[in-house]
Amino acid sequence: MKNTSKYQLKCVQCGHITPDFKTWFAQKQCCPICGNKQSELIYFADYEQLNELFKTQPTSFWHYFDFLPLMDRKNIISCAEGAIPLERWSFLEDYAKNTQNIDCQIYVYRNDLNGGTNSFKDIAASMAASIFKENEISQYCIASTGNTATAYGKYLSLAGINAAIFMPDNAIEVSQAEISSYGQQVYRAKGDYTCAKKMAADYATKFNVLISSGNIDPIRVESKRTMVFEWLRMLGKMPDVYVQAISGGTGPLALDKAVRELDGKISQSVKLPKMLMIQTDKCDPMVQAWEKAKSNNFPDGYQNDYPIIDNPPTEISILATGNPATYPIVSQLIRRSGGDFIRVKESKIADIARIIAYERKTHVGPASAVCFLGLLEAIKNRQIESGQTVLLNMGEGIKRAPAFLNRLGHHIQLVATVEDCTLANMKENSKNLWDNLLSITF
Ligand SMILES: Cc1ncc(COP(=O)(O)O)c(C=O)c1O
Ligand SMILES: [Zn+2]
């Protein structure tokens with residue numbers, strides 16, 4: 001007999017309890033009483049255990065097995081995801097100090113080092129594949145702008161689970177090739193992400209196949225919330241400020257879930273950090289909605305007033321959510337955290353990525369570059385204070401968008417003879433990067 005008392009799901013609207021994922025899937029991933037699609041996981045584990053788990057270095061987020069909704073470890077499908085460093089990047093601290101005289105500590109959470117597909121979607125994909133394996137799901141379908149698609153494509157293949165993956169027509173071609181190379185079926189929708197989502201939903205109905213329920217999917221939220229466990233393990237406290245490029249908002253939802261779950265149950269104080277959510281000027285429905293709400297002093301129902309941008313003209317396909325259906329939930333969360341939605345210029349992503357490459361010898365993907373631009377903007381606007389600890393959730397590495405690397409070169413010369421050459425000088429070659437950096441925000 002399996003132990004069925006490790007966790008249960010609770011409807012956030014009416015409180016109805018669903019005992020396990022088998023029942024949840026049979027209910028078509030919604031509450032059988034009120035129809036709400038959002039249920040939260042409750043665990044019966046002893047949270048004191050976390051203090052013990054914080055003493056050892058994980059090899060993956062499955063380190064927190066007792067706090068995850070899988071019954072049997074033998075079903076784990078893992079590629080060493082979630083065991084990633086939190087690095088202090090002093091050049092960003094210097095920037096804050098030199099430009100605004102802000103003395104803060106800046107940490108970068110290196111999701112590009114996740115073992116599966118180098119994005120912060122690997123954790124959810126690992127958990128989904130494991131839960132589906134345990135519950136004998138053989139077919140799945142999902143719409144995604146790219147990173148979730150690639151991660152699910154790989155991990156579900158590892159579990160032998162078929163996936164139909166719907167992507168918008170602007171998705172990166174390499175991602176489609178990668179997913180299909182694992183044997184999965186890619187459908188490139190003739191339209192944007194909203195169109196791909198609609199087609200995935202129709203596919204799920206037509207073939208009676210389980211479909212991802214999007215950013216509120218408890219599988220995504222529960223796996224992702226382990227990032228908070230990891231910050232507490234590595235930092236010993238919560239950051240004061242959290243910065244992330246936002247598309248649908250699984251990040252802030254998961255962060256909030258972890259904070260409510262842990263507060264008062266472990267020795268550290270667990271408070272919601274001020275959440276700064278970044279979008280570019282080429283796809284900024286949440287920023288637009290927020291600015292309007294803010295200028296009207298957040299009137300009643302502000303959270304339901306947001307624009308829908310059809311075919312957003314962004315090059316960063318993975319952040320191309322023009323219809324931000326989660327805004328009603330996410331906006332209230334950001335407000336509760338004392339946070340903000342920030343717009344950055346998409347035309348600057350290569351500038352910041354070049355500096356990161358020079359300073360850290362690391363290549364960030366375009367969505368990560370957006371997150372760093374947001375930090376610079378927040379510093380400029382003095383939304384970060386001296387003494388604060390800031391955490392940037394760096395979502396992806398260059399492998400997710402290899403063509404972006406072409407844009408990062410800055411000292412390449414065509415030469416006919418050696419007469420045209422001088423001695424290499426790394427410092428000299430890169431001296432204008434800082435001037436450029438200043439021109440990004442000033
Ligand atoms: C690298 C990267 N950054 C940011 C995001 C946005 O994540 P969220 O679902 O929390 O909005 C995504 C995914 O959509 C992503 O892949
Ligand atoms: Zn309900």
# chains A, B, ... in the order shown; residues from 1 in each chain; ligands from 1

call {"tool": "select_by_dssp", "arguments": {"residues": "stretch 219-402 of chain A", "states": "helix (DSSP H, G or I)", "output": "PyMOL selection string"}}
result
chain A and resi 219-224+226-235+250-262+285-295+302-304+317-319+327-336+346-360+366-380+398-400+402

call {"tool": "write_last_selection", "arguments": {"atoms": "C-alpha atoms", "output": "PDB file, in the first residue's frame"}}
result
ATOM      1  CA  ILE A 219       3.335  21.104 -10.344  1.00  0.00           C
ATOM      2  CA  ARG A 220       5.132  24.234 -11.527  1.00  0.00           C
ATOM      3  CA  VAL A 221       4.504  26.225  -8.378  1.00  0.00           C
ATOM      4  CA  GLU A 222       5.497  23.477  -5.939  1.00  0.00           C
ATOM      5  CA  SER A 223       8.726  22.608  -7.710  1.00  0.00           C
ATOM      6  CA  LYS A 224       9.725  26.223  -8.195  1.00  0.00           C
ATOM      7  CA  THR A 226      12.108  25.019  -3.603  1.00  0.00           C
ATOM      8  CA  MET A 227      14.226  27.960  -4.783  1.00  0.00           C
ATOM      9  CA  VAL A 228      13.217  29.649  -1.529  1.00  0.00           C
ATOM     10  CA  PHE A 229      14.461  26.646   0.463  1.00  0.00           C
ATOM     11  CA  GLU A 230      17.732  26.948  -1.374  1.00  0.00           C
ATOM     12  CA  TRP A 231      18.106  30.683  -0.708  1.00  0.00           C
ATOM     13  CA  LEU A 232      17.471  30.084   2.971  1.00  0.00           C
ATOM     14  CA  ARG A 233      20.058  27.314   2.935  1.00  0.00           C
ATOM     15  CA  MET A 234      22.685  29.407   1.161  1.00  0.00           C
ATOM     16  CA  LEU A 235      21.961  32.925   2.456  1.00  0.00           C
ATOM     17  CA  THR A 250       5.163  31.358 -11.975  1.00  0.00           C
ATOM     18  CA  GLY A 251       8.189  32.837 -10.197  1.00  0.00           C
ATOM     19  CA  PRO A 252       6.333  35.277  -7.928  1.00  0.00           C
ATOM     20  CA  LEU A 253       3.491  32.793  -7.348  1.00  0.00           C
ATOM     21  CA  ALA A 254       5.942  30.152  -6.176  1.00  0.00           C
ATOM     22  CA  LEU A 255       7.867  32.588  -4.022  1.00  0.00           C
ATOM     23  CA  ASP A 256       4.696  33.699  -2.282  1.00  0.00           C
ATOM     24  CA  LYS A 257       3.547  30.103  -1.746  1.00  0.00           C
ATOM     25  CA  ALA A 258       6.845  29.220  -0.093  1.00  0.00           C
ATOM     26  CA  VAL A 259       6.767  32.270   2.163  1.00  0.00           C
ATOM     27  CA  ARG A 260       3.223  31.566   3.393  1.00  0.00           C
ATOM     28  CA  GLU A 261       4.109  27.930   3.871  1.00  0.00           C
ATOM     29  CA  LEU A 262       7.350  28.447   5.781  1.00  0.00           C
ATOM     30  CA  PRO A 285       1.082  44.438 -20.858  1.00  0.00           C
ATOM     31  CA  MET A 286       1.655  44.022 -17.121  1.00  0.00           C
ATOM     32  CA  VAL A 287       3.709  47.219 -16.859  1.00  0.00           C
ATOM     33  CA  GLN A 288       1.050  49.150 -18.765  1.00  0.00           C
ATOM     34  CA  ALA A 289      -1.719  47.840 -16.530  1.00  0.00           C
ATOM     35  CA  TRP A 290       0.311  48.544 -13.398  1.00  0.00           C
ATOM     36  CA  GLU A 291       1.213  52.103 -14.413  1.00  0.00           C
ATOM     37  CA  LYS A 292      -2.442  52.847 -15.041  1.00  0.00           C
ATOM     38  CA  ALA A 293      -3.494  51.348 -11.701  1.00  0.00           C
ATOM     39  CA  LYS A 294      -0.716  53.164  -9.849  1.00  0.00           C
ATOM     40  CA  SER A 295      -1.557  56.557 -11.336  1.00  0.00           C
ATOM     41  CA  TYR A 302      -7.568  47.423 -10.774  1.00  0.00           C
ATOM     42  CA  GLN A 303      -6.215  43.891 -11.078  1.00  0.00           C
ATOM     43  CA  ASN A 304      -8.762  43.005 -13.755  1.00  0.00           C
ATOM     44  CA  SER A 317       9.967  35.014 -27.795  1.00  0.00           C
ATOM     45  CA  ILE A 318      10.057  33.354 -24.390  1.00  0.00           C
ATOM     46  CA  LEU A 319       8.791  36.536 -22.748  1.00  0.00           C
ATOM     47  CA  TYR A 327      -2.065  39.531 -13.962  1.00  0.00           C
ATOM     48  CA  PRO A 328      -5.108  39.617 -11.626  1.00  0.00           C
ATOM     49  CA  ILE A 329      -3.316  37.295  -9.199  1.00  0.00           C
ATOM     50  CA  VAL A 330       0.265  38.446  -9.755  1.00  0.00           C
ATOM     51  CA  SER A 331      -0.464  42.195  -9.539  1.00  0.00           C
ATOM     52  CA  GLN A 332      -1.974  41.841  -6.063  1.00  0.00           C
ATOM     53  CA  LEU A 333       1.010  39.832  -4.965  1.00  0.00           C
ATOM     54  CA  ILE A 334       3.490  42.400  -6.221  1.00  0.00           C
ATOM     55  CA  ARG A 335       1.500  45.120  -4.484  1.00  0.00           C
ATOM     56  CA  ARG A 336       1.466  43.197  -1.204  1.00  0.00           C
ATOM     57  CA  GLU A 346      14.700  45.741 -25.380  1.00  0.00           C
ATOM     58  CA  SER A 347      17.254  47.396 -27.682  1.00  0.00           C
ATOM     59  CA  LYS A 348      19.737  47.293 -24.759  1.00  0.00           C
ATOM     60  CA  ILE A 349      19.823  43.555 -24.049  1.00  0.00           C
ATOM     61  CA  ALA A 350      23.049  42.938 -25.971  1.00  0.00           C
ATOM     62  CA  ASP A 351      24.818  45.828 -24.160  1.00  0.00           C
ATOM     63  CA  ILE A 352      24.187  44.364 -20.740  1.00  0.00           C
ATOM     64  CA  ALA A 353      24.949  40.830 -21.929  1.00  0.00           C
ATOM     65  CA  ARG A 354      28.369  42.027 -23.218  1.00  0.00           C
ATOM     66  CA  ILE A 355      29.258  43.502 -19.871  1.00  0.00           C
ATOM     67  CA  ILE A 356      28.248  40.340 -18.068  1.00  0.00           C
ATOM     68  CA  ALA A 357      30.355  38.306 -20.505  1.00  0.00           C
ATOM     69  CA  TYR A 358      33.347  40.565 -19.854  1.00  0.00           C
ATOM     70  CA  GLU A 359      32.970  40.862 -16.085  1.00  0.00           C
ATOM     71  CA  ARG A 360      31.891  37.285 -15.324  1.00  0.00           C
ATOM     72  CA  PRO A 366      18.118  37.298 -23.722  1.00  0.00           C
ATOM     73  CA  ALA A 367      15.470  36.844 -21.003  1.00  0.00           C
ATOM     74  CA  SER A 368      18.195  36.908 -18.359  1.00  0.00           C
ATOM     75  CA  ALA A 369      19.565  40.103 -19.891  1.00  0.00           C
ATOM     76  CA  VAL A 370      16.114  41.653 -19.335  1.00  0.00           C
ATOM     77  CA  CYS A 371      16.334  40.821 -15.647  1.00  0.00           C
ATOM     78  CA  PHE A 372      19.743  42.542 -15.358  1.00  0.00           C
ATOM     79  CA  LEU A 373      18.508  45.629 -17.210  1.00  0.00           C
ATOM     80  CA  GLY A 374      15.674  45.749 -14.694  1.00  0.00           C
ATOM     81  CA  LEU A 375      18.174  45.775 -11.860  1.00  0.00           C
ATOM     82  CA  LEU A 376      19.999  48.766 -13.386  1.00  0.00           C
ATOM     83  CA  GLU A 377      16.711  50.589 -13.767  1.00  0.00           C
ATOM     84  CA  ALA A 378      15.768  49.822 -10.163  1.00  0.00           C
ATOM     85  CA  ILE A 379      19.133  51.169  -9.002  1.00  0.00           C
ATOM     86  CA  LYS A 380      18.672  54.308 -11.077  1.00  0.00           C
ATOM     87  CA  ILE A 398      22.977  31.254 -23.857  1.00  0.00           C
ATOM     88  CA  LYS A 399      22.232  27.673 -24.892  1.00  0.00           C
ATOM     89  CA  ARG A 400      18.579  28.639 -24.910  1.00  0.00           C
ATOM     90  CA  PRO A 402      22.504  30.480 -29.344  1.00  0.00           C
TER      91      PRO A 402
END

call {"tool": "residues_around", "arguments": {"residues": "A:Ala124", "least_positions_apart": "6", "cutoff": "12 Å", "atoms": "only C-alpha atoms", "output": "ChimeraX atom specification"}}
result
/A:61-62,68,77-79,81-82,114,116-117,130-132,147-156,212,214-227,250-251,254

call {"tool": "write_last_selection", "arguments": {"atoms": "N, CA and C atoms", "output": "short mmCIF file (atom, residue, chain, number, x, y, z; two decimals), in the first residue's frame"}}
result
data_model
loop_
_atom_site.label_atom_id
_atom_site.label_comp_id
_atom_site.auth_asym_id
_atom_site.auth_seq_id
_atom_site.Cartn_x
_atom_site.Cartn_y
_atom_site.Cartn_z
N PHE A 61 16.95 19.45 -6.68
CA PHE A 61 15.90 19.94 -5.77
C PHE A 61 15.16 18.79 -5.08
N TRP A 62 15.39 17.55 -5.56
CA TRP A 62 14.78 16.38 -4.91
C TRP A 62 15.34 16.16 -3.52
N LEU A 68 7.77 17.51 -1.39
CA LEU A 68 7.36 17.48 -2.80
C LEU A 68 6.32 16.36 -2.99
N ILE A 77 12.68 11.56 -12.10
CA ILE A 77 13.38 11.79 -13.37
C ILE A 77 14.16 13.09 -13.17
N SER A 78 15.46 13.00 -13.11
CA SER A 78 16.24 14.18 -12.73
C SER A 78 17.51 14.33 -13.56
N CYS A 79 17.89 15.56 -13.84
CA CYS A 79 19.18 15.85 -14.49
C CYS A 79 19.92 16.89 -13.65
N GLU A 81 18.94 19.23 -11.58
CA GLU A 81 18.38 20.58 -11.64
C GLU A 81 18.12 21.09 -10.21
N GLY A 82 18.23 22.39 -10.04
CA GLY A 82 17.90 22.98 -8.74
C GLY A 82 19.04 22.94 -7.73
N ASN A 114 21.40 24.88 -14.50
CA ASN A 114 20.56 23.69 -14.31
C ASN A 114 20.96 22.62 -15.32
N GLY A 116 19.40 20.11 -16.85
CA GLY A 116 18.56 19.59 -17.93
C GLY A 116 18.71 20.36 -19.21
N THR A 117 18.18 21.59 -19.23
CA THR A 117 18.22 22.39 -20.46
C THR A 117 18.71 23.81 -20.22
N SER A 130 8.22 13.19 -13.28
CA SER A 130 8.21 12.22 -12.18
C SER A 130 6.78 11.92 -11.72
N ILE A 131 5.98 12.96 -11.57
CA ILE A 131 4.58 12.76 -11.13
C ILE A 131 3.78 12.00 -12.19
N PHE A 132 4.02 12.35 -13.46
CA PHE A 132 3.28 11.65 -14.52
C PHE A 132 3.67 10.17 -14.55
N ASN A 147 11.16 27.95 -23.35
CA ASN A 147 11.96 27.28 -22.32
C ASN A 147 11.20 26.16 -21.62
N THR A 148 9.95 26.41 -21.30
CA THR A 148 9.14 25.34 -20.69
C THR A 148 8.99 24.20 -21.69
N ALA A 149 8.77 24.56 -22.94
CA ALA A 149 8.60 23.55 -23.99
C ALA A 149 9.83 22.65 -24.07
N THR A 150 11.00 23.27 -24.07
CA THR A 150 12.24 22.49 -24.21
C THR A 150 12.45 21.61 -22.99
N ALA A 151 12.24 22.19 -21.82
CA ALA A 151 12.45 21.42 -20.59
C ALA A 151 11.47 20.24 -20.51
N TYR A 152 10.19 20.51 -20.75
CA TYR A 152 9.20 19.43 -20.71
C TYR A 152 9.50 18.41 -21.81
N GLY A 153 9.90 18.89 -22.99
CA GLY A 153 10.23 18.00 -24.09
C GLY A 153 11.28 16.99 -23.66
N LYS A 154 12.32 17.48 -23.03
CA LYS A 154 13.42 16.58 -22.64
C LYS A 154 13.02 15.65 -21.49
N TYR A 155 12.49 16.22 -20.43
CA TYR A 155 12.21 15.39 -19.25
C TYR A 155 11.09 14.38 -19.50
N LEU A 156 10.06 14.77 -20.24
CA LEU A 156 8.99 13.80 -20.50
C LEU A 156 9.51 12.68 -21.39
N SER A 212 -1.08 21.09 -19.54
CA SER A 212 -0.54 21.95 -18.48
C SER A 212 -1.55 23.04 -18.17
N GLY A 214 -0.87 25.84 -16.93
CA GLY A 214 -0.25 27.18 -17.00
C GLY A 214 0.50 27.57 -15.74
N ASN A 215 0.61 28.88 -15.54
CA ASN A 215 1.46 29.37 -14.45
C ASN A 215 0.98 28.98 -13.06
N ILE A 216 -0.33 28.72 -12.93
CA ILE A 216 -0.84 28.35 -11.60
C ILE A 216 -0.78 26.84 -11.37
N ASP A 217 -0.31 26.10 -12.36
CA ASP A 217 -0.22 24.64 -12.24
C ASP A 217 0.54 24.29 -10.96
N PRO A 218 -0.11 23.53 -10.05
CA PRO A 218 0.58 23.23 -8.79
C PRO A 218 1.92 22.51 -8.99
N ILE A 219 2.05 21.79 -10.09
CA ILE A 219 3.34 21.10 -10.34
C ILE A 219 4.44 22.15 -10.52
N ARG A 220 4.13 23.18 -11.29
CA ARG A 220 5.13 24.23 -11.53
C ARG A 220 5.41 25.03 -10.25
N VAL A 221 4.34 25.38 -9.57
CA VAL A 221 4.50 26.23 -8.38
C VAL A 221 5.27 25.48 -7.29
N GLU A 222 4.88 24.23 -7.04
CA GLU A 222 5.50 23.48 -5.94
C GLU A 222 6.98 23.20 -6.18
N SER A 223 7.31 22.88 -7.44
CA SER A 223 8.73 22.61 -7.71
C SER A 223 9.52 23.90 -7.57
N LYS A 224 8.99 24.96 -8.16
CA LYS A 224 9.73 26.22 -8.20
C LYS A 224 9.92 26.82 -6.80
N ARG A 225 8.97 26.55 -5.90
CA ARG A 225 9.09 27.15 -4.57
C ARG A 225 10.33 26.64 -3.83
N THR A 226 10.91 25.52 -4.29
CA THR A 226 12.11 25.02 -3.60
C THR A 226 13.28 25.99 -3.75
N MET A 227 13.15 26.96 -4.68
CA MET A 227 14.23 27.96 -4.78
C MET A 227 14.33 28.73 -3.46
N THR A 250 5.00 32.50 -12.89
CA THR A 250 5.16 31.36 -11.98
C THR A 250 6.14 31.70 -10.85
N GLY A 251 7.17 32.47 -11.19
CA GLY A 251 8.19 32.84 -10.20
C GLY A 251 7.59 33.49 -8.96
N ALA A 254 5.24 31.18 -6.94
CA ALA A 254 5.94 30.15 -6.18
C ALA A 254 6.63 30.75 -4.95
#

call {"tool": "residues_around", "arguments": {"residues": "A:Gly160", "least_positions_apart": "2", "cutoff": "9 Å", "atoms": "only C-alpha atoms", "output": "ChimeraX atom specification"}}
result
/A:129,133,138,155-158,162

call {"tool": "write_last_selection", "arguments": {"atoms": "C-alpha atoms", "output": "PDB file, in the first residue's frame"}}
result
ATOM      1  CA  ALA A 129       7.849  13.939 -15.570  1.00  0.00           C
ATOM      2  CA  LYS A 133       5.411   8.529 -14.351  1.00  0.00           C
ATOM      3  CA  SER A 138       1.326   8.464 -21.078  1.00  0.00           C
ATOM      4  CA  TYR A 155      12.209  15.395 -19.249  1.00  0.00           C
ATOM      5  CA  LEU A 156       8.987  13.804 -20.504  1.00  0.00           C
ATOM      6  CA  SER A 157      11.018  11.945 -23.140  1.00  0.00           C
ATOM      7  CA  LEU A 158      13.272  10.664 -20.376  1.00  0.00           C
ATOM      8  CA  ASN A 162       4.540  11.455 -25.213  1.00  0.00           C
TER       9      ASN A 162
END

call {"tool": "atom_distance", "arguments": {"atom1": "atom CA of A:Val344", "atom2": "atom CA of A:Glu385"}}
result
20.1 Å

call {"tool": "residues_near_ligand", "arguments": {"ligand": "ligand 2", "cutoff": "9 Å", "atoms": "only C-alpha atoms and all ligand atoms", "output": "ChimeraX atom specification"}}
result
/A:10-17,30-39

call {"tool": "select_by_dssp", "arguments": {"residues": "stretch 38-249 of chain A", "states": "strand (DSSP E or B)", "output": "ChimeraX atom specification"}}
result
/A:39-43,86-88,105-110,119,139-143,162-167,185-188,210-211,241-245

call {"tool": "write_last_selection", "arguments": {"atoms": "C-alpha atoms", "output": "PDB file, in the first residue's frame"}}
result
ATOM      1  CA  SER A  39      -5.328  24.413  -5.702  1.00  0.00           C
ATOM      2  CA  GLU A  40      -2.407  24.566  -3.297  1.00  0.00           C
ATOM      3  CA  LEU A  41      -0.386  21.760  -1.843  1.00  0.00           C
ATOM      4  CA  ILE A  42      -0.347  21.058   1.870  1.00  0.00           C
ATOM      5  CA  TYR A  43       2.322  18.735   3.297  1.00  0.00           C
ATOM      6  CA  LEU A  86      23.791  31.841  -5.601  1.00  0.00           C
ATOM      7  CA  GLU A  87      26.722  34.031  -6.603  1.00  0.00           C
ATOM      8  CA  ARG A  88      27.615  37.463  -5.357  1.00  0.00           C
ATOM      9  CA  GLN A 105      24.658  43.040  -1.713  1.00  0.00           C
ATOM     10  CA  ILE A 106      23.674  41.571  -5.059  1.00  0.00           C
ATOM     11  CA  TYR A 107      23.297  37.831  -5.577  1.00  0.00           C
ATOM     12  CA  VAL A 108      22.554  36.049  -8.826  1.00  0.00           C
ATOM     13  CA  TYR A 109      20.692  32.720  -8.768  1.00  0.00           C
ATOM     14  CA  ARG A 110      22.305  30.771 -11.613  1.00  0.00           C
ATOM     15  CA  SER A 119      16.810  27.302 -17.785  1.00  0.00           C
ATOM     16  CA  GLN A 139       0.232  11.539 -23.068  1.00  0.00           C
ATOM     17  CA  TYR A 140       0.584  15.214 -22.281  1.00  0.00           C
ATOM     18  CA  CYS A 141       0.257  18.497 -24.059  1.00  0.00           C
ATOM     19  CA  ILE A 142       1.544  21.965 -23.379  1.00  0.00           C
ATOM     20  CA  ALA A 143       1.794  25.389 -25.012  1.00  0.00           C
ATOM     21  CA  ASN A 162       4.540  11.455 -25.213  1.00  0.00           C
ATOM     22  CA  ALA A 163       4.143  15.196 -25.458  1.00  0.00           C
ATOM     23  CA  ALA A 164       2.490  17.429 -28.036  1.00  0.00           C
ATOM     24  CA  ILE A 165       4.149  20.802 -27.724  1.00  0.00           C
ATOM     25  CA  PHE A 166       2.529  23.907 -29.197  1.00  0.00           C
ATOM     26  CA  MET A 167       4.764  26.889 -29.814  1.00  0.00           C
ATOM     27  CA  GLN A 185       5.806  16.246 -31.426  1.00  0.00           C
ATOM     28  CA  VAL A 186       6.198  19.982 -32.004  1.00  0.00           C
ATOM     29  CA  TYR A 187       3.304  21.994 -33.419  1.00  0.00           C
ATOM     30  CA  ARG A 188       4.215  25.440 -34.614  1.00  0.00           C
ATOM     31  CA  LEU A 210      -3.813  15.993 -19.944  1.00  0.00           C
ATOM     32  CA  ILE A 211      -2.713  19.593 -20.496  1.00  0.00           C
ATOM     33  CA  VAL A 241      14.507  42.537  -2.981  1.00  0.00           C
ATOM     34  CA  TYR A 242      13.748  39.970  -5.699  1.00  0.00           C
ATOM     35  CA  VAL A 243      14.195  40.771  -9.413  1.00  0.00           C
ATOM     36  CA  GLN A 244      12.862  38.670 -12.302  1.00  0.00           C
ATOM     37  CA  ALA A 245      11.843  39.031 -15.956  1.00  0.00           C
TER      38      ALA A 245
END

call {"tool": "closest_residue", "arguments": {"among": "A:Ser126, A:Tyr193, A:Leu391, A:Ile266", "to": "A:Gln49", "atoms": "only C-alpha atoms"}}
result
A:Ile266

call {"tool": "atom_distance", "arguments": {"atom1": "atom CA of A:Asp20", "atom2": "atom CA of A:Leu70"}}
result
9.6 Å

call {"tool": "closest_residue", "arguments": {"among": "A:Arg382, A:Lys274, A:Lys97, A:Lys121", "to": "ligand 1", "atoms": "only C-alpha atoms and all ligand atoms"}}
result
A:Lys121

call {"tool": "closest_residue", "arguments": {"among": "A:Glu396, A:Glu419, A:Glu52, A:Glu93", "to": "ligand 1", "atoms": "only C-alpha atoms and all ligand atoms"}}
result
A:Glu396

call {"tool": "closest_residue", "arguments": {"among": "A:Asp94, A:Asp122, A:Asp46, A:Asp66", "to": "ligand 1", "atoms": "only C-alpha atoms and all ligand atoms"}}
result
A:Asp122
